[in-house]
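A.B. asks: Quick one, input-v3.cif (mmCIF, C-alpha atoms and all ligand atoms):
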```
data_coords
loop_
_atom_site.label_atom_id
_atom_site.label_comp_id
_atom_site.auth_asym_id
_atom_site.auth_seq_id
_atom_site.Cartn_x
_atom_site.Cartn_y
_atom_site.Cartn_z
CA MET A 922 -17.01 -30.16 -14.48
CA THR A 923 -18.34 -28.33 -11.47
CA GLN A 924 -16.25 -25.80 -9.60
CA GLN A 925 -15.71 -28.32 -6.80
CA GLU A 926 -14.54 -30.97 -9.24
CA ARG A 927 -12.14 -28.53 -10.84
CA TYR A 928 -10.77 -27.71 -7.41
CA GLU A 929 -10.39 -31.35 -6.38
CA SER A 930 -8.46 -32.09 -9.54
CA ALA A 931 -6.18 -29.06 -9.04
CA LYS A 932 -5.66 -29.98 -5.40
CA GLN A 933 -4.38 -33.39 -6.44
CA MET A 934 -1.98 -31.98 -9.00
CA TYR A 935 -0.54 -29.52 -6.49
CA GLY A 936 -0.54 -32.23 -3.83
CA ALA A 937 1.76 -34.33 -6.00
CA LEU A 938 4.29 -31.48 -5.78
CA GLY A 939 3.97 -31.38 -2.02
CA VAL A 940 1.69 -28.33 -1.98
CA ASP A 941 -1.38 -28.37 0.28
CA THR A 942 -3.86 -26.04 -1.43
CA ASP A 943 -6.33 -26.21 1.47
CA ALA A 944 -3.62 -24.99 3.80
CA ALA A 945 -2.66 -22.26 1.32
CA ILE A 946 -6.24 -21.02 1.22
CA ALA A 947 -6.58 -21.13 5.00
CA LYS A 948 -3.31 -19.24 5.45
CA LEU A 949 -4.16 -16.47 3.02
CA LYS A 950 -7.43 -15.77 4.82
CA GLU A 951 -5.44 -14.65 7.89
CA ILE A 952 -3.04 -12.26 6.15
CA PRO A 953 -4.06 -8.60 6.20
CA VAL A 954 -3.42 -6.38 3.18
CA SER A 955 -3.84 -2.64 3.51
CA LEU A 956 -6.35 -1.07 1.18
CA HIS A 957 -5.62 2.58 0.41
CA CYS A 958 -8.51 4.98 0.65
CA TRP A 959 -6.96 7.29 -1.97
CA GLN A 960 -7.91 5.27 -5.06
CA GLY A 961 -11.49 6.39 -4.51
CA ASP A 962 -11.01 10.14 -4.98
CA ASP A 963 -7.75 10.57 -6.92
CA VAL A 964 -5.65 11.31 -3.79
CA ILE A 965 -7.49 14.53 -2.98
CA GLY A 966 -8.81 14.10 0.56
CA PHE A 967 -11.21 16.34 2.43
CA ASP A 968 -9.10 19.06 3.99
CA HIS A 969 -8.24 21.33 1.08
CA ASP A 970 -9.52 22.64 -2.25
CA GLY A 971 -6.19 22.78 -4.01
CA PRO A 972 -4.58 20.41 -6.47
CA LEU A 973 -2.61 17.25 -5.80
CA THR A 974 1.04 18.21 -5.30
CA GLY A 975 4.23 16.52 -4.14
CA GLY A 976 5.36 15.30 -7.55
CA ILE A 977 2.67 12.62 -7.84
CA GLN A 978 -0.15 12.71 -10.33
CA THR A 979 -3.45 11.10 -11.15
CA THR A 980 -4.57 11.20 -14.74
CA GLY A 981 -8.02 10.68 -16.22
CA ASP A 982 -11.45 12.05 -15.47
CA TYR A 983 -13.67 9.01 -15.26
CA PRO A 984 -16.98 10.19 -13.83
CA GLY A 985 -18.26 9.42 -10.36
CA LYS A 986 -15.36 9.98 -8.01
CA ALA A 987 -16.15 10.17 -4.30
CA ARG A 988 -16.47 13.76 -3.09
CA THR A 989 -17.35 13.31 0.56
CA PRO A 990 -16.40 10.92 3.38
CA LYS A 991 -19.78 9.31 3.04
CA GLU A 992 -19.34 8.65 -0.66
CA LEU A 993 -15.79 7.39 -0.20
CA MET A 994 -16.85 4.98 2.53
CA GLN A 995 -19.78 3.79 0.47
CA ASP A 996 -17.56 3.18 -2.56
CA MET A 997 -14.93 1.47 -0.49
CA ASP A 998 -17.58 -0.78 0.99
CA LYS A 999 -18.68 -1.77 -2.48
CA ALA A 1000 -15.11 -2.57 -3.48
CA ILE A 1001 -14.45 -4.50 -0.26
CA SER A 1002 -17.51 -6.64 -0.86
CA LEU A 1003 -15.96 -7.85 -4.12
CA MET A 1004 -12.52 -8.73 -2.77
CA PRO A 1005 -11.55 -11.96 -1.03
CA GLY A 1006 -9.22 -11.84 1.95
CA LYS A 1007 -8.49 -9.85 5.05
CA LYS A 1008 -8.28 -6.09 4.74
CA LYS A 1009 -6.72 -3.30 6.70
CA LEU A 1010 -7.70 0.30 6.05
CA ASN A 1011 -4.99 2.71 4.88
CA LEU A 1012 -5.69 6.39 5.46
CA HIS A 1013 -3.91 9.65 4.74
CA ALA A 1014 -4.14 12.55 7.17
CA SER A 1015 -5.84 14.61 4.47
CA TYR A 1016 -8.86 12.34 4.88
CA ALA A 1017 -9.79 13.78 8.29
CA VAL A 1018 -13.55 13.99 8.69
CA PHE A 1019 -14.65 17.32 10.12
CA GLU A 1020 -18.02 18.19 11.59
CA GLU A 1021 -20.05 20.90 9.87
CA GLY A 1022 -18.12 24.19 10.21
CA GLU A 1023 -15.17 22.54 11.95
CA PHE A 1024 -11.60 22.63 10.63
CA ALA A 1025 -8.16 21.76 11.97
CA ASP A 1026 -4.98 22.36 10.05
CA ARG A 1027 -2.56 19.46 9.63
CA ASP A 1028 -0.47 20.41 12.65
CA LYS A 1029 -3.57 20.47 14.84
CA LEU A 1030 -5.19 17.21 13.80
CA GLU A 1031 -6.57 15.10 16.61
CA PRO A 1032 -7.87 11.58 16.98
CA LYS A 1033 -11.45 12.87 17.04
CA HIS A 1034 -11.09 13.96 13.42
CA PHE A 1035 -10.74 10.32 12.50
CA ALA A 1036 -13.45 8.88 14.75
CA LYS A 1037 -15.70 8.18 11.76
CA TRP A 1038 -12.96 6.12 10.14
CA VAL A 1039 -12.41 4.19 13.36
CA GLU A 1040 -16.09 3.39 13.44
CA PHE A 1041 -15.94 2.31 9.80
CA ALA A 1042 -12.90 0.09 10.40
CA LYS A 1043 -14.24 -1.47 13.59
CA GLU A 1044 -17.55 -2.37 12.01
CA ARG A 1045 -15.66 -4.19 9.29
CA ASN A 1046 -13.14 -5.76 11.62
CA MET A 1047 -10.19 -3.97 10.09
CA GLY A 1048 -7.06 -2.44 11.57
CA ILE A 1049 -5.89 0.94 10.29
CA ASP A 1050 -2.61 2.15 8.80
CA PHE A 1051 -1.84 5.84 8.58
CA ASN A 1052 0.12 8.36 6.53
CA PRO A 1053 0.90 11.94 7.45
CA THR A 1054 0.17 14.03 4.36
CA PHE A 1055 3.17 16.15 3.39
CA PHE A 1056 1.68 17.29 0.07
CA SER A 1057 -1.31 19.19 -1.32
CA HIS A 1058 -1.12 22.01 1.22
CA ASP A 1059 -0.25 25.72 1.22
CA LYS A 1060 2.43 25.36 3.90
CA ILE A 1061 4.67 23.61 1.38
CA LYS A 1062 7.29 26.23 0.58
CA ASP A 1063 9.18 25.90 -2.69
CA GLY A 1064 8.27 22.22 -2.74
CA LEU A 1065 9.77 21.58 0.70
CA THR A 1066 8.28 20.38 3.99
CA LEU A 1067 10.44 18.47 6.50
CA THR A 1068 13.61 19.56 4.67
CA SER A 1069 12.74 23.24 4.47
CA PRO A 1070 15.44 25.74 5.50
CA ASP A 1071 12.58 27.92 6.75
CA GLU A 1072 12.31 26.82 10.38
CA GLU A 1073 8.69 27.89 10.72
CA ILE A 1074 7.68 25.76 7.75
CA ARG A 1075 9.74 22.80 8.92
CA GLN A 1076 8.24 23.05 12.42
CA PHE A 1077 4.72 23.06 11.03
CA TRP A 1078 5.39 19.77 9.29
CA ILE A 1079 7.16 18.26 12.30
CA ASN A 1080 4.08 19.10 14.33
CA HIS A 1081 1.99 17.42 11.68
CA GLY A 1082 4.10 14.30 12.01
CA LYS A 1083 3.73 14.33 15.79
CA ALA A 1084 -0.02 14.75 15.54
CA CYS A 1085 -0.05 11.73 13.24
CA ILE A 1086 1.88 9.64 15.79
CA ARG A 1087 -0.84 10.38 18.35
CA ILE A 1088 -3.55 9.53 15.84
CA SER A 1089 -1.76 6.31 14.85
CA GLU A 1090 -1.62 5.23 18.47
CA TYR A 1091 -5.30 6.00 18.82
CA PHE A 1092 -6.05 3.80 15.79
CA ALA A 1093 -4.05 0.94 17.25
CA LYS A 1094 -5.74 1.22 20.64
CA GLU A 1095 -9.20 1.42 19.16
CA THR A 1096 -8.84 -1.42 16.70
CA GLY A 1097 -6.48 -3.62 18.71
CA VAL A 1098 -4.20 -3.86 15.66
CA PRO A 1099 -0.80 -2.11 15.39
CA CYS A 1100 -0.80 0.91 13.09
CA VAL A 1101 1.89 1.27 10.44
CA MET A 1102 2.64 4.98 10.05
CA ASN A 1103 4.41 5.80 6.84
CA ILE A 1104 6.46 8.94 6.33
CA TRP A 1105 6.85 9.97 2.72
CA ILE A 1106 7.77 13.43 1.51
CA GLY A 1107 8.14 14.65 -2.06
CA ASP A 1108 10.79 17.24 -1.10
CA GLY A 1109 13.38 17.77 -3.77
CA PHE A 1110 14.66 20.00 -6.54
CA LYS A 1111 13.85 20.32 -10.20
CA ASP A 1112 17.40 21.11 -11.13
CA ILE A 1113 20.91 20.50 -9.93
CA PRO A 1114 21.18 21.52 -6.29
CA ALA A 1115 24.14 23.21 -4.66
CA ASP A 1116 23.59 21.44 -1.36
CA ARG A 1117 22.46 17.85 -1.29
CA MET A 1118 23.38 17.05 2.28
CA GLY A 1119 21.77 20.02 4.04
CA PRO A 1120 18.17 19.05 3.19
CA ARG A 1121 18.91 15.46 4.17
CA MET A 1122 20.35 16.50 7.53
CA ARG A 1123 17.21 18.55 8.13
CA TYR A 1124 15.02 15.63 7.05
CA LYS A 1125 16.89 13.36 9.47
CA ASP A 1126 16.43 15.82 12.30
CA SER A 1127 12.75 16.31 11.43
CA ILE A 1128 11.96 12.60 11.53
CA GLU A 1129 13.84 12.29 14.81
CA GLN A 1130 11.77 15.12 16.24
CA ILE A 1131 8.55 13.50 15.02
CA LEU A 1132 9.56 10.22 16.62
CA SER A 1133 10.42 11.96 19.88
CA GLU A 1134 6.67 12.13 20.42
CA PRO A 1135 6.06 9.39 23.00
CA TYR A 1136 4.36 6.30 21.62
CA ASP A 1137 4.14 2.59 22.28
CA LYS A 1138 6.41 0.77 19.83
CA ASN A 1139 4.16 -2.25 19.90
CA LEU A 1140 1.25 -0.13 18.72
CA VAL A 1141 2.80 2.28 16.24
CA LYS A 1142 5.20 1.10 13.55
CA PRO A 1143 6.79 4.12 11.91
CA CYS A 1144 8.32 3.64 8.49
CA VAL A 1145 10.11 5.79 5.95
CA GLU A 1146 9.42 5.49 2.23
CA SER A 1147 12.10 6.27 -0.33
CA LYS A 1148 11.77 7.66 -3.81
CA VAL A 1149 13.92 8.30 -6.88
CA PHE A 1150 12.24 11.40 -8.26
CA GLY A 1151 8.90 13.11 -8.65
CA ILE A 1152 7.36 15.31 -11.29
CA GLY A 1153 8.96 18.73 -11.02
CA VAL A 1154 11.70 17.41 -8.75
CA GLU A 1155 13.64 15.38 -11.27
CA ALA A 1156 17.17 16.29 -10.19
CA TYR A 1157 17.15 15.54 -6.49
CA THR A 1158 14.93 13.82 -3.93
CA ALA A 1159 15.88 14.20 -0.28
CA GLY A 1160 14.31 10.90 0.80
CA SER A 1161 16.35 8.70 -1.52
CA ALA A 1162 16.75 4.94 -1.14
CA GLU A 1163 20.06 5.25 0.70
CA PHE A 1164 18.72 7.94 2.99
CA THR A 1165 15.57 6.12 4.11
CA LEU A 1166 17.20 2.72 4.37
CA SER A 1167 20.03 4.12 6.47
CA PHE A 1168 17.57 6.01 8.63
CA ALA A 1169 15.57 2.88 9.32
CA ALA A 1170 18.71 0.84 9.95
CA THR A 1171 20.01 3.27 12.53
CA HIS A 1172 16.78 4.08 14.40
CA ASP A 1173 15.30 1.43 16.60
CA GLY A 1174 11.82 0.33 15.64
CA VAL A 1175 11.73 2.26 12.35
CA LEU A 1176 10.89 0.19 9.27
CA PRO A 1177 12.05 0.80 5.72
CA LEU A 1178 9.17 1.03 3.27
CA MET A 1179 9.79 0.05 -0.34
CA ASP A 1180 7.36 1.17 -3.01
CA ASN A 1181 8.03 -0.82 -6.17
CA GLY A 1182 7.42 2.29 -8.29
CA HIS A 1183 10.29 4.10 -6.62
CA TYR A 1184 13.36 2.47 -8.14
CA HIS A 1185 15.23 2.58 -11.40
CA PRO A 1186 13.41 0.55 -14.05
CA THR A 1187 15.73 -2.47 -14.02
CA GLU A 1188 15.74 -2.73 -10.22
CA VAL A 1189 13.20 -5.09 -8.71
CA VAL A 1190 11.72 -5.01 -5.23
CA SER A 1191 11.34 -8.80 -5.31
CA ASP A 1192 15.12 -8.98 -4.99
CA LYS A 1193 15.25 -6.29 -2.30
CA ILE A 1194 12.74 -8.03 0.00
CA PRO A 1195 15.04 -10.96 0.90
CA ALA A 1196 17.99 -8.56 1.20
CA LEU A 1197 16.21 -6.41 3.77
CA LEU A 1198 14.75 -9.37 5.63
CA CYS A 1199 18.32 -10.47 6.40
CA PHE A 1200 18.61 -7.41 8.62
CA PHE A 1201 15.24 -5.96 9.58
CA PRO A 1202 12.80 -7.83 11.81
CA GLU A 1203 9.97 -6.12 9.92
CA ILE A 1204 9.67 -4.18 6.67
CA ALA A 1205 6.83 -2.48 4.81
CA LEU A 1206 5.81 -2.39 1.16
CA HIS A 1207 3.78 -0.22 -1.15
CA ILE A 1208 2.58 -2.41 -3.95
CA THR A 1209 1.94 -0.61 -7.20
CA ARG A 1210 2.60 -0.91 -10.95
CA PRO A 1211 4.98 1.55 -12.51
CA ILE A 1212 4.95 1.98 -16.27
CA ARG A 1213 8.12 3.78 -17.39
CA TRP A 1214 8.00 5.91 -14.25
CA ASP A 1215 6.21 5.95 -10.89
CA SER A 1216 2.86 5.99 -12.68
CA ASP A 1217 0.90 4.10 -10.01
CA HIS A 1218 -1.13 1.99 -12.41
CA VAL A 1219 -3.51 -0.59 -10.97
CA VAL A 1220 -1.68 -3.68 -9.70
CA LEU A 1221 -2.04 -6.66 -12.05
CA TYR A 1222 -1.16 -10.30 -11.75
CA ASP A 1223 2.07 -9.82 -13.65
CA ASP A 1224 5.54 -11.34 -13.36
CA GLU A 1225 7.06 -8.92 -10.86
CA THR A 1226 3.93 -8.83 -8.72
CA ARG A 1227 4.04 -12.62 -8.52
CA GLU A 1228 7.77 -12.55 -7.79
CA MET A 1229 7.36 -10.11 -4.89
CA ALA A 1230 4.66 -12.29 -3.36
CA LYS A 1231 6.82 -15.37 -3.81
CA GLU A 1232 9.71 -13.76 -1.98
CA ILE A 1233 7.52 -12.75 0.94
CA VAL A 1234 6.17 -16.28 1.26
CA ARG A 1235 9.48 -18.05 0.65
CA CYS A 1236 11.33 -15.92 3.17
CA GLY A 1237 8.72 -16.72 5.81
CA GLY A 1238 7.85 -13.04 5.60
CA LEU A 1239 4.08 -13.14 5.81
CA ASP A 1240 4.17 -11.89 9.39
CA ARG A 1241 7.21 -9.65 8.92
CA VAL A 1242 6.17 -7.68 5.86
CA TYR A 1243 3.42 -5.07 6.10
CA MET A 1244 1.75 -5.05 2.71
CA ALA A 1245 -0.11 -2.00 1.47
CA LEU A 1246 -1.47 -1.16 -1.96
CA ASP A 1247 -0.62 2.21 -3.48
CA TYR A 1248 -2.02 3.06 -6.90
CA PHE A 1249 -4.47 5.54 -8.30
CA ASP A 1250 -6.07 5.46 -11.69
CA ALA A 1251 -8.64 8.11 -12.52
CA SER A 1252 -9.22 6.92 -16.08
CA ILE A 1253 -11.36 3.89 -15.30
CA ASN A 1254 -14.13 3.04 -12.84
CA ARG A 1255 -12.40 3.60 -9.51
CA ILE A 1256 -14.16 0.79 -7.70
CA SER A 1257 -13.07 -1.62 -10.39
CA ALA A 1258 -9.51 -0.23 -10.11
CA TRP A 1259 -9.53 -0.87 -6.37
CA THR A 1260 -10.96 -4.35 -6.87
CA VAL A 1261 -8.66 -5.48 -9.67
CA GLY A 1262 -5.57 -4.33 -7.76
CA PHE A 1263 -6.55 -5.98 -4.50
CA ARG A 1264 -7.61 -9.20 -6.19
CA SER A 1265 -4.37 -9.26 -8.18
CA TRP A 1266 -2.26 -9.07 -5.03
CA GLN A 1267 -4.41 -11.76 -3.43
CA LYS A 1268 -3.85 -13.95 -6.48
CA ALA A 1269 -0.11 -13.34 -6.29
CA LEU A 1270 -0.05 -14.34 -2.62
CA LEU A 1271 -2.16 -17.43 -3.19
CA ASN A 1272 0.02 -18.41 -6.13
CA ALA A 1273 3.09 -17.98 -3.93
CA LEU A 1274 1.51 -20.17 -1.26
CA CYS A 1275 0.84 -22.80 -3.95
CA THR A 1276 4.42 -22.78 -5.21
CA PRO A 1277 6.48 -25.85 -4.23
CA ASN A 1278 9.14 -23.68 -2.64
CA GLU A 1279 10.85 -26.46 -0.70
CA MET A 1280 11.25 -28.58 -3.78
CA LEU A 1281 12.55 -25.72 -5.91
CA LYS A 1282 14.98 -24.61 -3.23
CA LYS A 1283 16.36 -28.12 -3.03
CA LEU A 1284 16.99 -28.15 -6.79
CA GLN A 1285 18.86 -24.86 -6.44
CA ASP A 1286 20.93 -26.04 -3.48
CA GLU A 1287 21.85 -29.20 -5.37
CA SER A 1288 22.83 -27.13 -8.42
CA ARG A 1289 20.22 -28.90 -10.55
CA PHE A 1290 19.57 -25.75 -12.56
CA THR A 1291 18.25 -27.50 -15.67
CA GLU A 1292 15.50 -29.16 -13.64
CA LEU A 1293 14.89 -25.96 -11.73
CA MET A 1294 14.16 -24.06 -14.91
CA VAL A 1295 11.95 -26.82 -16.30
CA MET A 1296 10.00 -27.12 -13.06
CA GLN A 1297 9.53 -23.38 -12.69
CA GLU A 1298 8.15 -23.26 -16.23
CA GLU A 1299 5.95 -26.29 -15.65
CA ILE A 1300 4.12 -24.88 -12.65
CA LYS A 1301 3.22 -21.72 -14.54
CA THR A 1302 0.50 -23.66 -16.33
CA TYR A 1303 -0.74 -25.60 -13.31
CA PRO A 1304 -4.49 -25.12 -12.70
CA PHE A 1305 -4.10 -22.22 -10.32
CA GLY A 1306 -7.39 -20.69 -11.51
CA ALA A 1307 -9.29 -23.53 -9.86
CA VAL A 1308 -7.60 -22.84 -6.50
CA TRP A 1309 -8.33 -19.13 -6.85
CA GLU A 1310 -11.99 -19.90 -7.61
CA GLU A 1311 -12.20 -22.04 -4.48
CA TYR A 1312 -10.58 -19.33 -2.36
CA CYS A 1313 -13.07 -16.77 -3.68
CA ARG A 1314 -15.97 -19.14 -3.05
CA GLN A 1315 -14.88 -19.68 0.55
CA CYS A 1316 -14.57 -15.91 0.98
CA GLY A 1317 -18.04 -15.37 -0.45
CA VAL A 1318 -17.03 -13.36 -3.51
CA ALA A 1319 -17.23 -14.09 -7.21
CA GLY A 1320 -14.33 -16.16 -8.52
CA ASP A 1321 -14.98 -15.06 -12.07
CA THR A 1322 -15.81 -11.64 -13.54
CA GLY A 1323 -19.26 -11.72 -11.92
CA TRP A 1324 -18.18 -8.88 -9.66
CA LEU A 1325 -17.90 -6.53 -12.61
CA GLU A 1326 -21.64 -6.78 -13.17
CA GLU A 1327 -22.16 -5.50 -9.65
CA ILE A 1328 -19.88 -2.57 -10.33
CA LYS A 1329 -21.75 -1.73 -13.52
CA GLU A 1330 -24.99 -1.74 -11.60
CA TYR A 1331 -23.46 0.44 -8.87
CA GLU A 1332 -22.17 2.82 -11.49
CA ALA A 1333 -25.62 3.15 -13.03
CA LYS A 1334 -27.41 3.55 -9.69
CA VAL A 1335 -24.90 5.54 -7.64
CA LEU A 1336 -21.84 6.87 -9.42
CA SER A 1337 -23.60 8.25 -12.48
CA LEU A 1338 -25.77 10.45 -10.24
CA ARG A 1339 -22.70 12.32 -8.94
CA LYS A 1340 -22.56 15.37 -11.14
C1 LIG A 1401 4.34 8.74 -3.69
C2 LIG A 1401 4.35 7.68 -2.69
C3 LIG A 1401 3.31 7.77 -1.62
C4 LIG A 1401 1.95 8.16 -2.16
C5 LIG A 1401 0.82 8.01 -1.16
C6 LIG A 1401 -0.40 8.72 -1.60
O1 LIG A 1401 5.20 8.52 -4.74
O2 LIG A 1401 4.27 6.44 -3.31
O3 LIG A 1401 3.24 6.58 -0.92
O4 LIG A 1401 1.61 7.44 -3.30
O5 LIG A 1401 1.23 8.38 0.07
ZN ZN A 1402 4.03 4.74 -2.07
#
```
Spit out the file's structure as structure tokens when you get a sec.
Ligand code: RNT
Ligand code: ZN

C.D. replies:
Amino acid sequence: MTQQERYESAKQMYGALGVDTDAAIAKLKEIPVSLHCWQGDDVIGFDHDGPLTGGIQTTGDYPGKARTPKELMQDMDKAISLMPGKKKLNLHASYAVFEEGEFADRDKLEPKHFAKWVEFAKERNMGIDFNPTFFSHDKIKDGLTLTSPDEEIRQFWINHGKACIRISEYFAKETGVPCVMNIWIGDGFKDIPADRMGPRMRYKDSIEQILSEPYDKNLVKPCVESKVFGIGVEAYTAGSAEFTLSFAATHDGVLPLMDNGHYHPTEVVSDKIPALLCFFPEIALHITRPIRWDSDHVVLYDDETREMAKEIVRCGGLDRVYMALDYFDASINRISAWTVGFRSWQKALLNALCTPNEMLKKLQDESRFTELMVMQEEIKTYPFGAVWEEYCRQCGVAGDTGWLEEIKEYEAKVLSLRK
């Protein structure tokens, strides 16, 4: 059977369930997914020589990581060429690109320090999302930034946040696409604190000060990301789930951001998406794969990944949920890591778009739970691979593992020369 014949046969099978696979493919092509720049260099960035801090960690020393903006852009380009679907660029402030001899500290960052990224994004027809970087910096005092009791330290980080608002607005104006600006801090304590509320009150005030910077709410979408704990801050994290969710709920235009590595192991973000969509016009996600902790493994096409995508689609959330990838594996070829993760999320979305949601919902509403279970099991073995292949073909990328050959060649010709 040719690829086209396989697709035609799959299309008919899905069609019998009321699913239009052509429409699913066409829809997915319009949905942007944010691709994080930080998989390419193990979350280091270009503005410091120090280690990665903030309670997050990359492990592995696979050769060939990007060391300069040029290398990172080149690697990202390679990865992008192997992924189907619409991309948005996700940057951290630590990825500012300085001219020879130039430097600006985080509180003094300006749009011009990101002009090269704007050029990169525009040439590839991508919008840009942004993240102030509250880690890997010497102005972090005792592990604290926006919650610091030292007013000078706290002010430095507030000024960083404000600078990032201005840069986010610049991105949105330049690209014509709203910029999602995500605030995440690793602030917390290793052991049992004596004051849990004080740091949170300071965090609240700090975010409010950051957001007092004037900006156009249609262009900049600020969000706050929660977390349970980080390495070295196991006992207490200021930006907990309750804190960030309450902040977003009580501040107009602020979105909650859920990272699916940031909850207790039996909690699932797939269940939280429909809960939040009952209240928030828009929410944001970091899509990752935690193994036992917030390990940020490469996203795979696994059960929970599929379930999250299904909830977004079922809830009519494709234009209400800002989707960004957030993982970093330094133990394998980084371009392959990028590619596998992005393709996995695309698969999950396409699978969700090919799920007979109306029919399944009807079974649930009519309490036909036996049939619901049988049907949900049945569609797991439907010929989804043939639809995926067709989507990849239409997007001009390999639908099979052909892309890995390209990465191997790139590794031999480019990455292996980086010593
Ligand atoms: C850390 C958060 C945060 C970072 C990125 C690099 O636990 O998930 O989003 O991963 O900002
Ligand atoms: Zn995250």

A.B. asks: Kindly provide, as a VMD selection string, all nucleotide and amino acid residues lying within 10 Å of ligand LIG 1401 (chain A), counting only C-alpha atoms and all ligand atoms.

C.D. replies: chain A and resid 957 to 960 963 to 965 973 975 to 978 1011 to 1014 1051 to 1056 1103 to 1107 1145 to 1152 1178 to 1183 1206 to 1209 1215 to 1217 1245 to 1249

A.B. asks: Go ahead and fit an axis-aligned box to every listed atom of range 924-939 of chain A plus 4 Å each side, and pass me the centre and edge lengths in Å, one decimal, as AutoDock Vina command-line options.

C.D. replies:
```
--center_x -6.0 --center_y -30.1 --center_z -6.4 --size_x 28.5 --size_y 16.5 --size_z 16.8
```

A.B. asks: Range 1029-1037 of chain A: which residues within 8 Å, counting all atoms listed in the file, same-chain residues fewer than 6 positions away excluded, as a ChimeraX atom specification?

C.D. replies: /A:1017-1019,1080-1081,1084-1085,1087-1088,1091

A.B. asks: Keeping only C-alpha atoms, write the selected residues to a file as an mmCIF file, keeping the file's coordinate frame.

C.D. replies:
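Output saved as out.cif:
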```
data_model
loop_
_atom_site.group_PDB
_atom_site.id
_atom_site.type_symbol
_atom_site.label_atom_id
_atom_site.label_comp_id
_atom_site.auth_asym_id
_atom_site.auth_seq_id
_atom_site.Cartn_x
_atom_site.Cartn_y
_atom_site.Cartn_z
ATOM 1 C CA ALA A 1017 -9.790 13.780 8.290
ATOM 2 C CA VAL A 1018 -13.550 13.990 8.690
ATOM 3 C CA PHE A 1019 -14.650 17.320 10.120
ATOM 4 C CA ASN A 1080 4.080 19.100 14.330
ATOM 5 C CA HIS A 1081 1.990 17.420 11.680
ATOM 6 C CA ALA A 1084 -0.020 14.750 15.540
ATOM 7 C CA CYS A 1085 -0.050 11.730 13.240
ATOM 8 C CA ARG A 1087 -0.840 10.380 18.350
ATOM 9 C CA ILE A 1088 -3.550 9.530 15.840
ATOM 10 C CA TYR A 1091 -5.300 6.000 18.820
#
```

A.B. asks: Which of these, A:Leu949, A:Val1101, A:Glu1163, A:Asp1286, has the shortest distance to Gly1006 in chain A once you count only C-alpha atoms?

C.D. replies: A:Leu949

A.B. asks: Using only C-alpha atoms, which residue out of A:Asp1173, A:Leu956, A:Ala937, A:Lys1340 lies closest to Ala1000 in chain A?

C.D. replies: A:Leu956

A.B. asks: One decimal, Å: what's the distance from CA of Glu1311 in chain A over to CA of Ala944 in chain A, could you say?

C.D. replies: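 Value for the CA of Glu1311 in chain A-CA of Ala944 in chain A distance: 12.3 Å.
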
A.B. asks: From the list A:Asp1050, A:Asp1240, A:Glu1232, A:Glu1021, which residue is nearest Val1189 in chain A when using all atoms listed in the file?

C.D. replies: A:Glu1232

A.B. asks: In Å to one decimal, how far is CA of Lys1062 in chain A from CA of Lys1111 in chain A?

C.D. replies: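 Computing it gives 13.9 Å between the two atoms.
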
A.B. asks: Excluding Leu993 in chain A and residues on its chain fewer than 2 positions from it, collect all residues at most 10 Å away from it, counting only C-alpha atoms, and give them as a PDB file with C-alpha atoms, in the frame of the given file.

C.D. replies:
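Written file, out_15.pdb:
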```pdb
ATOM      1  CA  CYS A 958      -8.510   4.980   0.650  1.00  0.00           C
ATOM      2  CA  TRP A 959      -6.960   7.290  -1.970  1.00  0.00           C
ATOM      3  CA  GLN A 960      -7.910   5.270  -5.060  1.00  0.00           C
ATOM      4  CA  GLY A 961     -11.490   6.390  -4.510  1.00  0.00           C
ATOM      5  CA  ASP A 962     -11.010  10.140  -4.980  1.00  0.00           C
ATOM      6  CA  GLY A 966      -8.810  14.100   0.560  1.00  0.00           C
ATOM      7  CA  LYS A 986     -15.360   9.980  -8.010  1.00  0.00           C
ATOM      8  CA  ALA A 987     -16.150  10.170  -4.300  1.00  0.00           C
ATOM      9  CA  ARG A 988     -16.470  13.760  -3.090  1.00  0.00           C
ATOM     10  CA  THR A 989     -17.350  13.310   0.560  1.00  0.00           C
ATOM     11  CA  PRO A 990     -16.400  10.920   3.380  1.00  0.00           C
ATOM     12  CA  LYS A 991     -19.780   9.310   3.040  1.00  0.00           C
ATOM     13  CA  GLN A 995     -19.780   3.790   0.470  1.00  0.00           C
ATOM     14  CA  ASP A 996     -17.560   3.180  -2.560  1.00  0.00           C
ATOM     15  CA  MET A 997     -14.930   1.470  -0.490  1.00  0.00           C
ATOM     16  CA  ASP A 998     -17.580  -0.780   0.990  1.00  0.00           C
ATOM     17  CA  LYS A 999     -18.680  -1.770  -2.480  1.00  0.00           C
ATOM     18  CA  TYR A1016      -8.860  12.340   4.880  1.00  0.00           C
TER      19      TYR A1016
END
```

A.B. asks: Nearest residue to Val1219 in chain A out of A:His1185, A:Arg1255, A:His1058, A:Arg927, using all atoms listed in the file?

C.D. replies: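 Closest to Val1219 in chain A, using all atoms listed in the file: A:Arg1255.
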
A.B. asks: Determine the nearest neighbour of Pro1143 in chain A from the options A:Ala1169, A:Met1102, A:Val1190, A:Leu1325, counting all atoms listed in the file.

C.D. replies: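 Under the stated criterion, the closest residue is A:Met1102.
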
A.B. asks: From the list A:Gln1297, A:Met1118, A:Ser1002, A:Tyr928, which residue is nearest Ile1328 in chain A when using only C-alpha atoms?

C.D. replies: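 Looking at the shortest contact to Ile1328 in chain A, the residue is A:Ser1002.
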
A.B. asks: I'd like the neighbourhood of Ala1319 in chain A as a list in words, where a residue qualifies if any of its atoms comes within 8 Å (using all atoms listed in the file), though same-chain residues fewer than 6 positions away should be ignored.

C.D. replies: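 Neighbouring residues, sequence-local ones excluded: Leu1003, Glu1310 and Cys1313 of chain A.
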